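Heads up, input-v2.txt below (compact mmCIF, C-alpha atoms and all ligand atoms):
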```txt
# COMPACT_ATOMS: atom_id res chain seq x y z
CA MET A 1 120.14 105.95 92.42
CA PRO A 2 122.09 104.76 95.41
CA LEU A 3 122.72 108.02 97.28
CA TYR A 4 120.24 110.89 97.46
CA LYS A 5 119.72 114.12 99.38
CA GLU A 6 116.40 115.15 100.90
CA GLN A 7 114.96 117.42 103.55
CA GLY A 8 112.17 116.22 105.76
CA VAL A 9 110.47 116.13 109.15
CA VAL A 10 111.09 113.15 111.44
CA LEU A 11 107.72 111.54 112.26
CA ARG A 12 108.83 108.56 114.31
CA SER A 13 111.87 106.71 115.50
CA VAL A 14 111.82 103.14 116.81
CA LYS A 15 114.59 100.97 118.20
CA LEU A 16 116.20 98.36 116.02
CA GLY A 17 118.52 95.88 117.71
CA GLU A 18 121.18 97.08 120.13
CA ALA A 19 122.27 100.40 118.71
CA ASP A 20 120.21 101.27 115.65
CA LYS A 21 116.91 102.98 114.99
CA ILE A 22 114.43 103.04 112.17
CA VAL A 23 113.29 106.59 111.48
CA THR A 24 110.20 107.54 109.50
CA VAL A 25 110.60 110.88 107.72
CA MET A 26 108.10 112.94 105.73
CA THR A 27 110.36 114.30 103.00
CA GLN A 28 109.82 117.14 100.60
CA GLY A 29 110.54 115.26 97.41
CA ALA A 30 110.27 111.53 98.11
CA GLY A 31 107.13 111.21 100.24
CA LYS A 32 107.36 109.18 103.40
CA VAL A 33 110.69 107.41 103.80
CA ARG A 34 111.68 104.76 106.33
CA ALA A 35 115.38 104.49 106.93
CA VAL A 36 117.86 102.85 109.28
CA ALA A 37 120.14 105.12 111.30
CA LYS A 38 123.04 102.94 112.38
CA GLY A 39 124.69 103.39 115.73
CA ILE A 40 122.26 106.17 116.67
CA ARG A 41 121.79 104.87 120.22
CA LYS A 42 125.51 104.85 121.04
CA THR A 43 126.67 107.81 123.09
CA THR A 44 129.30 108.51 120.45
CA SER A 45 126.74 108.56 117.63
CA ARG A 46 127.42 111.14 114.93
CA PHE A 47 123.65 111.62 114.61
CA GLY A 48 123.18 112.77 118.23
CA ALA A 49 119.65 114.07 118.70
CA ARG A 50 119.26 115.05 115.06
CA LEU A 51 116.75 112.33 114.23
CA GLU A 52 114.23 112.96 117.01
CA PRO A 53 110.54 113.39 116.11
CA PHE A 54 109.52 116.99 115.15
CA THR A 55 113.01 117.79 113.82
CA HIS A 56 113.31 119.32 110.36
CA VAL A 57 116.46 117.78 108.92
CA SER A 58 118.58 117.73 105.82
CA LEU A 59 119.53 114.12 105.04
CA MET A 60 121.81 112.07 102.86
CA LEU A 61 120.25 108.67 102.28
CA TYR A 62 121.29 105.47 100.64
CA ARG A 63 118.45 103.90 98.69
CA GLY A 64 117.93 100.33 99.86
CA ARG A 65 116.61 97.50 97.73
CA GLY A 66 113.69 96.77 100.04
CA GLN A 67 111.51 99.07 102.14
CA LEU A 68 114.33 100.55 104.17
CA ASP A 69 116.87 103.16 103.13
CA THR A 70 119.92 104.06 105.22
CA VAL A 71 120.69 107.49 106.67
CA THR A 72 124.32 108.38 106.02
CA GLN A 73 124.23 112.01 107.16
CA ALA A 74 121.79 114.25 109.06
CA ASP A 75 121.88 117.99 109.74
CA ILE A 76 119.31 119.97 111.68
CA ILE A 77 117.46 122.71 109.81
CA ALA A 78 115.06 123.42 112.71
CA SER A 79 114.69 121.44 115.92
CA HIS A 80 111.26 122.86 116.94
CA ARG A 81 112.45 122.43 120.48
CA ASN A 82 109.58 124.33 122.12
CA LEU A 83 107.37 121.35 121.28
CA ARG A 84 109.37 119.13 123.60
CA ASP A 85 109.21 121.53 126.56
CA HIS A 86 105.47 121.98 126.87
CA LEU A 87 102.86 119.21 127.13
CA GLY A 88 100.15 121.09 125.24
CA LEU A 89 102.47 121.88 122.33
CA PHE A 90 103.84 118.34 122.38
CA ALA A 91 100.37 116.76 122.25
CA ALA A 92 99.30 119.03 119.39
CA GLY A 93 102.54 118.26 117.52
CA GLU A 94 102.12 114.52 118.09
CA THR A 95 98.72 114.52 116.42
CA MET A 96 100.19 116.38 113.43
CA LEU A 97 102.96 113.77 113.07
CA GLU A 98 100.56 110.88 113.45
CA GLU A 99 97.98 112.22 111.00
CA THR A 100 100.71 112.91 108.46
CA ASP A 101 102.06 109.38 108.93
CA ASN A 102 98.51 108.04 108.37
CA VAL A 103 97.92 109.75 105.04
CA ALA A 104 101.44 109.90 103.53
CA GLN A 105 102.47 107.15 101.12
CA GLU A 106 105.99 105.74 101.07
CA HIS A 107 108.15 107.12 98.25
CA GLU A 108 105.19 109.03 96.84
CA ARG A 109 106.01 112.71 96.47
CA ASN A 110 103.54 114.98 98.30
CA VAL A 111 105.07 118.44 98.60
CA ARG A 112 101.85 120.05 99.84
CA LEU A 113 101.58 117.62 102.75
CA PHE A 114 105.25 118.18 103.66
CA LEU A 115 104.74 121.97 103.59
CA LEU A 116 101.52 121.71 105.63
CA LEU A 117 103.32 119.70 108.31
CA LEU A 118 106.21 122.14 108.37
CA SER A 119 103.88 125.14 108.78
CA GLY A 120 101.95 123.29 111.49
CA LEU A 121 105.10 122.61 113.52
CA ARG A 122 106.35 126.17 112.98
CA ALA A 123 103.04 127.55 114.23
CA LEU A 124 103.34 125.40 117.38
CA ASP A 125 106.99 126.30 117.88
CA ALA A 126 105.87 129.95 118.06
CA ARG A 127 104.06 128.98 121.32
CA PRO A 128 100.43 129.79 120.46
CA ALA A 129 98.08 130.42 123.39
CA ASP A 130 95.78 127.67 122.08
CA PRO A 131 97.74 124.79 120.51
CA VAL A 132 94.63 122.58 120.27
CA SER A 133 92.98 125.00 117.84
CA VAL A 134 96.16 125.01 115.75
CA ALA A 135 96.11 121.19 115.67
CA GLU A 136 92.42 121.16 114.72
CA SER A 137 92.97 123.71 111.97
CA PHE A 138 95.83 121.52 110.74
CA LEU A 139 93.58 118.44 110.76
CA LEU A 140 90.93 120.24 108.68
CA LYS A 141 93.58 121.28 106.15
CA LEU A 142 95.00 117.76 106.04
CA LEU A 143 91.51 116.33 105.40
CA SER A 144 90.98 118.79 102.53
CA LEU A 145 94.39 117.96 101.08
CA SER A 146 93.49 114.25 101.23
CA GLY A 147 90.20 114.77 99.39
CA PHE A 148 87.91 114.75 102.45
CA HIS A 149 87.02 118.38 102.89
CA PRO A 150 83.99 118.44 105.23
CA SER A 151 80.99 120.49 104.19
CA LEU A 152 80.40 122.98 107.03
CA THR A 153 78.38 125.96 105.79
CA ALA A 154 76.01 124.20 103.38
CA CYS A 155 74.38 120.78 103.08
CA ALA A 156 76.94 118.31 101.70
CA VAL A 157 74.28 116.74 99.47
CA CYS A 158 72.03 119.51 98.12
CA GLY A 159 73.96 122.66 99.02
CA ALA A 160 71.14 124.22 101.06
CA PRO A 161 72.42 126.87 103.52
CA ASP A 162 72.32 126.58 107.33
CA PRO A 163 72.38 122.79 107.72
CA THR A 164 71.46 121.55 111.21
CA LEU A 165 72.64 117.94 111.09
CA PHE A 166 75.97 116.21 110.56
CA ALA A 167 76.86 112.84 109.05
CA SER A 168 80.50 111.91 108.43
CA GLY A 169 79.52 109.32 105.81
CA GLN A 170 77.56 111.93 103.83
CA GLY A 171 80.46 114.41 103.78
CA GLY A 172 79.75 116.67 106.77
CA ALA A 173 76.85 118.98 107.52
CA VAL A 174 73.51 118.01 105.96
CA CYS A 175 70.00 119.46 105.91
CA ALA A 176 66.98 117.65 107.36
CA ASN A 177 65.77 116.61 103.89
CA CYS A 178 69.02 114.91 102.90
CA ALA A 179 70.09 113.43 106.25
CA GLU A 180 70.29 109.67 106.57
CA HIS A 181 69.41 107.79 109.76
CA ASP A 182 72.81 108.07 111.43
CA ALA A 183 73.03 111.86 111.16
CA GLY A 184 73.44 113.70 114.47
CA SER A 185 72.51 117.24 115.33
CA ALA A 186 75.02 120.05 114.87
CA SER A 187 74.64 123.60 116.15
CA CYS A 188 75.38 126.46 113.77
CA GLU A 189 77.94 127.78 116.30
CA ALA A 190 79.96 124.54 116.21
CA LEU A 191 79.83 124.38 112.41
CA ARG A 192 80.85 128.04 112.18
CA MET A 193 83.79 127.43 114.52
CA LEU A 194 85.00 124.53 112.36
CA ALA A 195 84.59 126.63 109.22
CA GLU A 196 86.70 129.37 110.84
CA LEU A 197 89.40 126.86 111.79
CA ALA A 198 89.38 125.45 108.25
CA GLU A 199 89.87 128.96 106.82
CA ALA A 200 92.37 130.24 109.37
CA ASP A 201 96.06 130.64 108.74
CA LEU A 202 97.85 128.15 111.03
CA MET A 203 99.79 130.97 112.69
CA GLY A 204 96.49 132.69 113.57
CA ALA A 205 94.42 129.60 114.43
CA GLY A 206 95.42 129.86 118.09
CA ASP A 207 93.58 133.20 118.39
CA ILE A 208 90.03 132.05 117.62
CA HIS A 209 89.01 131.39 121.28
CA PRO A 210 85.73 129.52 120.84
CA ASP A 211 83.28 129.10 123.70
CA GLU A 212 84.08 125.89 125.61
CA GLN A 213 80.78 124.14 124.93
CA VAL A 214 80.82 125.02 121.24
CA ARG A 215 84.34 123.79 121.14
CA ARG A 216 83.52 120.41 122.64
CA GLU A 217 80.72 119.89 120.18
CA GLY A 218 82.80 121.00 117.20
CA ARG A 219 85.68 118.81 118.27
CA ALA A 220 83.47 115.71 118.50
CA LEU A 221 82.16 116.37 114.99
CA LEU A 222 85.65 116.92 113.60
CA TYR A 223 87.26 113.88 115.25
CA GLY A 224 84.38 111.63 114.22
CA PHE A 225 84.68 112.88 110.65
CA ALA A 226 88.48 112.46 110.61
CA GLU A 227 88.37 108.95 112.03
CA TYR A 228 85.66 107.92 109.59
CA HIS A 229 87.56 109.16 106.56
CA LEU A 230 91.12 108.41 107.58
CA GLU A 231 89.88 104.91 108.52
CA ARG A 232 92.06 104.57 111.52
CA ARG A 233 91.57 105.63 115.04
CA ILE A 234 94.00 108.44 115.63
CA LYS A 235 95.74 107.38 118.81
CA SER A 236 96.88 110.79 119.93
CA LEU A 237 93.47 112.49 119.74
CA PRO A 238 92.53 111.56 123.34
CA LEU A 239 95.93 112.91 124.46
CA LEU A 240 95.23 116.14 122.60
CA SER A 241 91.82 116.73 124.13
CA GLY A 242 93.20 115.70 127.54
CA SER A 243 95.75 118.49 127.36
CA LEU A 244 92.99 121.09 127.28
CA ALA A 245 92.52 123.08 130.45
CA PRO A 246 89.08 122.16 131.95
ZN ZN B 1 70.35 118.85 101.70
```

What would the structure in this file look like if it were written as structure tokens?
Ligand SMILES: [Zn+2]
Amino acid sequence: MPLYKEQGVVLRSVKLGEADKIVTVMTQGAGKVRAVAKGIRKTTSRFGARLEPFTHVSLMLYRGRGQLDTVTQADIIASHRNLRDHLGLFAAGETMLEETDNVAQEHERNVRLFLLLLSGLRALDARPADPVSVAESFLLKLLSLSGFHPSLTACAVCGAPDPTLFASGQGGAVCANCAEHDAGSASCEALRMLAELAEADLMGAGDIHPDEQVRREGRALLYGFAEYHLERRIKSLPLLSGSLAP
């Protein structure tokens, strides 16, 4: 199948040689695809700004023999341009792209992940008051989709209600009887906030307005859990928390 058509969201674009770029795209039907866009850095490029990160594009691609395909045509479906104009939205969007890139497999269809990313970027493009909550709700949904749904309202081991401790390696919140040595404390407010973010619609996640201290605690639990299970330090998380107003 030499030539194929796909829609996707551009996750990354890196320079290749003098004029070309390699773009990484989360597609609807073909999983994560890496492709060369030739001549994209020339001022006369027919691709223009169509292959910038965050952009939802319709693509024609030529299937390469190795890891890289070649983009032959690109048309914008949605540019999500608000994300480029506002640091808070940009930081939240960056974490979504990076987390998607972390869990997506090349040429392995994952329609639910593609649709989650698209709804995450759409929710940010609508300029929510609290983009960090939208990004955290997205992260919780991405963890669930990847098989790492954290237990938040009951002990991850025995199912007892109102757990007071948290251990990423045990699957989230745990009760005192089940907790292993490395479990840390977790307030019921922070666990409740995370449960609300996990449940929330992405478009509404920016309206939760948690108390700042609860939020800090919940965020530390969530990021620790995500890093533990996604097995890679998520580079943009410090940028995301840094974009929060003090
Ligand atoms: Zn237990």

Residues within 8 Å of segment 103-119 of chain A, please, as a compact mmCIF listing (two decimals) with C-alpha atoms, keeping the file's coordinate frame. Count only C-alpha atoms; anything in the same chain fewer than 3 positions from it doesn't count.
```
# COMPACT_ATOMS: atom_id res chain seq x y z
CA GLY A 8 112.17 116.22 105.76
CA VAL A 9 110.47 116.13 109.15
CA MET A 26 108.10 112.94 105.73
CA THR A 27 110.36 114.30 103.00
CA GLN A 28 109.82 117.14 100.60
CA GLY A 29 110.54 115.26 97.41
CA ALA A 30 110.27 111.53 98.11
CA GLY A 31 107.13 111.21 100.24
CA LYS A 32 107.36 109.18 103.40
CA VAL A 33 110.69 107.41 103.80
CA ARG A 34 111.68 104.76 106.33
CA HIS A 56 113.31 119.32 110.36
CA MET A 96 100.19 116.38 113.43
CA LEU A 97 102.96 113.77 113.07
CA GLU A 99 97.98 112.22 111.00
CA THR A 100 100.71 112.91 108.46
CA ARG A 122 106.35 126.17 112.98
CA ALA A 123 103.04 127.55 114.23
CA PHE A 138 95.83 121.52 110.74
CA LYS A 141 93.58 121.28 106.15
CA LEU A 142 95.00 117.76 106.04
CA LEU A 145 94.39 117.96 101.08
CA SER A 146 93.49 114.25 101.23
CA LEU A 202 97.85 128.15 111.03
CA LEU A 230 91.12 108.41 107.58
```

Looking at all atoms listed in the file, which of A:Asp69, A:Glu52, A:Asp85, A:Glu180 is the one that sits closest to ligand ZN 1 (chain B)?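 The closest residue to ligand ZN 1 (chain B) is A:Glu180.
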
List every residue of chain A that has an atom at most 7 Å from any atom of ligand ZN 1 (chain B), and for each one report the closest atom pair and its distance in Å to one decimal, counting all atoms listed in the file, with rows sorted by chain and then by increasing residue number, as JSON lines.
```
{"residue": "A:Cys155", "atom": "CA", "partner": "B:ZN1", "partner_atom": "ZN", "distance": 4.7}
{"residue": "A:Ala156", "atom": "CA", "partner": "B:ZN1", "partner_atom": "ZN", "distance": 6.6}
{"residue": "A:Val157", "atom": "CA", "partner": "B:ZN1", "partner_atom": "ZN", "distance": 5.0}
{"residue": "A:Cys158", "atom": "CA", "partner": "B:ZN1", "partner_atom": "ZN", "distance": 4.0}
{"residue": "A:Gly159", "atom": "CA", "partner": "B:ZN1", "partner_atom": "ZN", "distance": 5.9}
{"residue": "A:Ala160", "atom": "CA", "partner": "B:ZN1", "partner_atom": "ZN", "distance": 5.5}
{"residue": "A:Val174", "atom": "CA", "partner": "B:ZN1", "partner_atom": "ZN", "distance": 5.4}
{"residue": "A:Cys175", "atom": "CA", "partner": "B:ZN1", "partner_atom": "ZN", "distance": 4.3}
{"residue": "A:Ala176", "atom": "CA", "partner": "B:ZN1", "partner_atom": "ZN", "distance": 6.7}
{"residue": "A:Asn177", "atom": "CA", "partner": "B:ZN1", "partner_atom": "ZN", "distance": 5.5}
{"residue": "A:Cys178", "atom": "CA", "partner": "B:ZN1", "partner_atom": "ZN", "distance": 4.3}
```

One decimal place gives the atom CA of Glu217 of chain A-atom CA of Glu94 of chain A separation as 22.2 Å

By how many Å are atom CA of Ala183 of chain A and atom CA of Gly206 of chain A apart?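 Straight-line distance from atom CA of Ala183 of chain A to atom CA of Gly206 of chain A works out to 29.6 Å.
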
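Between atom CA of Ile208 of chain A and atom CA of Leu194 of chain A the interatomic distance comes to 10.5 Å.
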
Neighbour list for segment 62-65 of chain A as an mmCIF file with C-alpha atoms, in the frame of the given file, cut-off 10 Å, all atoms listed in the file, skip fewer than 4 positions in-chain:
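Contents of selection-v1.cif, freshly written:
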```
data_model
loop_
_atom_site.group_PDB
_atom_site.id
_atom_site.type_symbol
_atom_site.label_atom_id
_atom_site.label_comp_id
_atom_site.auth_asym_id
_atom_site.auth_seq_id
_atom_site.Cartn_x
_atom_site.Cartn_y
_atom_site.Cartn_z
ATOM 1 C CA MET A 1 120.140 105.950 92.420
ATOM 2 C CA PRO A 2 122.090 104.760 95.410
ATOM 3 C CA LEU A 3 122.720 108.020 97.280
ATOM 4 C CA TYR A 4 120.240 110.890 97.460
ATOM 5 C CA LYS A 5 119.720 114.120 99.380
ATOM 6 C CA VAL A 33 110.690 107.410 103.800
ATOM 7 C CA ALA A 35 115.380 104.490 106.930
ATOM 8 C CA VAL A 36 117.860 102.850 109.280
ATOM 9 C CA ASP A 69 116.870 103.160 103.130
ATOM 10 C CA THR A 70 119.920 104.060 105.220
ATOM 11 C CA VAL A 71 120.690 107.490 106.670
ATOM 12 C CA THR A 72 124.320 108.380 106.020
ATOM 13 C CA GLN A 73 124.230 112.010 107.160
#
```

Please identify all polymer residues within 6 Å of Ser58 of chain A, counting only C-alpha atoms, omitting same-chain residues fewer than 4 positions from it, and present them as a list in words. Glu6, Gln7, Ala74 and Asp75 of chain A

Taking (90.7, 114.5, 111.0) in the coordinates of the supplied file, I want to know which residues reach to within 6 Å of it, counting all atoms listed in the file; could you give the answer as a PDB file with C-alpha atoms, in the coordinates of the input?
```pdb
ATOM      1  CA  LEU A 139      93.580 118.440 110.760  1.00  0.00           C
ATOM      2  CA  LEU A 143      91.510 116.330 105.400  1.00  0.00           C
ATOM      3  CA  TYR A 223      87.260 113.880 115.250  1.00  0.00           C
ATOM      4  CA  ALA A 226      88.480 112.460 110.610  1.00  0.00           C
TER       5      ALA A 226
END
```

List the spatial neighbours of Thr55 of chain A as a VMD selection string - criterion: any atom at most 8 Å away, all atoms listed in the file, same-chain residues fewer than 4 positions off excluded. chain A and resid 9 to 10 50 to 51 76 to 80

Just the residues within 10 Å of Gly17 of chain A, please, counting all atoms listed in the file, with nothing from its chain fewer than 2 positions along; format it as a ChimeraX atom specification. /A:14-15,19-22,38-39,41

Provide an axis-aligned box for all listed atoms of segment 195-205 of chain A, padding each side by 8 Å; report its centre and its edge lengths in Å to one decimal, as AutoDock Vina command-line options.
```
--center_x 92.2 --center_y 129.1 --center_z 110.6 --size_x 31.2 --size_y 23.2 --size_z 23.6
```

Pick the closest to Val132 of chain A from A:Ala91, A:Leu191, A:Gly184, A:Glu196: which is it, counting all atoms listed in the file?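 Ranked by minimum distance to Val132 of chain A, first place goes to A:Ala91.
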
Would you list the residues near (101.4, 129.7, 121.0), meaning any protein, DNA or RNA residue with an atom at most 10 Å from that point in file coordinates, counting all atoms listed in the file, as a PDB file with C-alpha atoms, in the frame of the given file?
```pdb
ATOM      1  CA  ASN A  82     109.580 124.330 122.120  1.00  0.00           C
ATOM      2  CA  GLY A  88     100.150 121.090 125.240  1.00  0.00           C
ATOM      3  CA  LEU A  89     102.470 121.880 122.330  1.00  0.00           C
ATOM      4  CA  ALA A 123     103.040 127.550 114.230  1.00  0.00           C
ATOM      5  CA  LEU A 124     103.340 125.400 117.380  1.00  0.00           C
ATOM      6  CA  ASP A 125     106.990 126.300 117.880  1.00  0.00           C
ATOM      7  CA  ALA A 126     105.870 129.950 118.060  1.00  0.00           C
ATOM      8  CA  ARG A 127     104.060 128.980 121.320  1.00  0.00           C
ATOM      9  CA  PRO A 128     100.430 129.790 120.460  1.00  0.00           C
ATOM     10  CA  ALA A 129      98.080 130.420 123.390  1.00  0.00           C
ATOM     11  CA  ASP A 130      95.780 127.670 122.080  1.00  0.00           C
ATOM     12  CA  PRO A 131      97.740 124.790 120.510  1.00  0.00           C
ATOM     13  CA  VAL A 132      94.630 122.580 120.270  1.00  0.00           C
ATOM     14  CA  VAL A 134      96.160 125.010 115.750  1.00  0.00           C
ATOM     15  CA  MET A 203      99.790 130.970 112.690  1.00  0.00           C
ATOM     16  CA  GLY A 204      96.490 132.690 113.570  1.00  0.00           C
ATOM     17  CA  ALA A 205      94.420 129.600 114.430  1.00  0.00           C
ATOM     18  CA  GLY A 206      95.420 129.860 118.090  1.00  0.00           C
ATOM     19  CA  ASP A 207      93.580 133.200 118.390  1.00  0.00           C
TER      20      ASP A 207
END
```
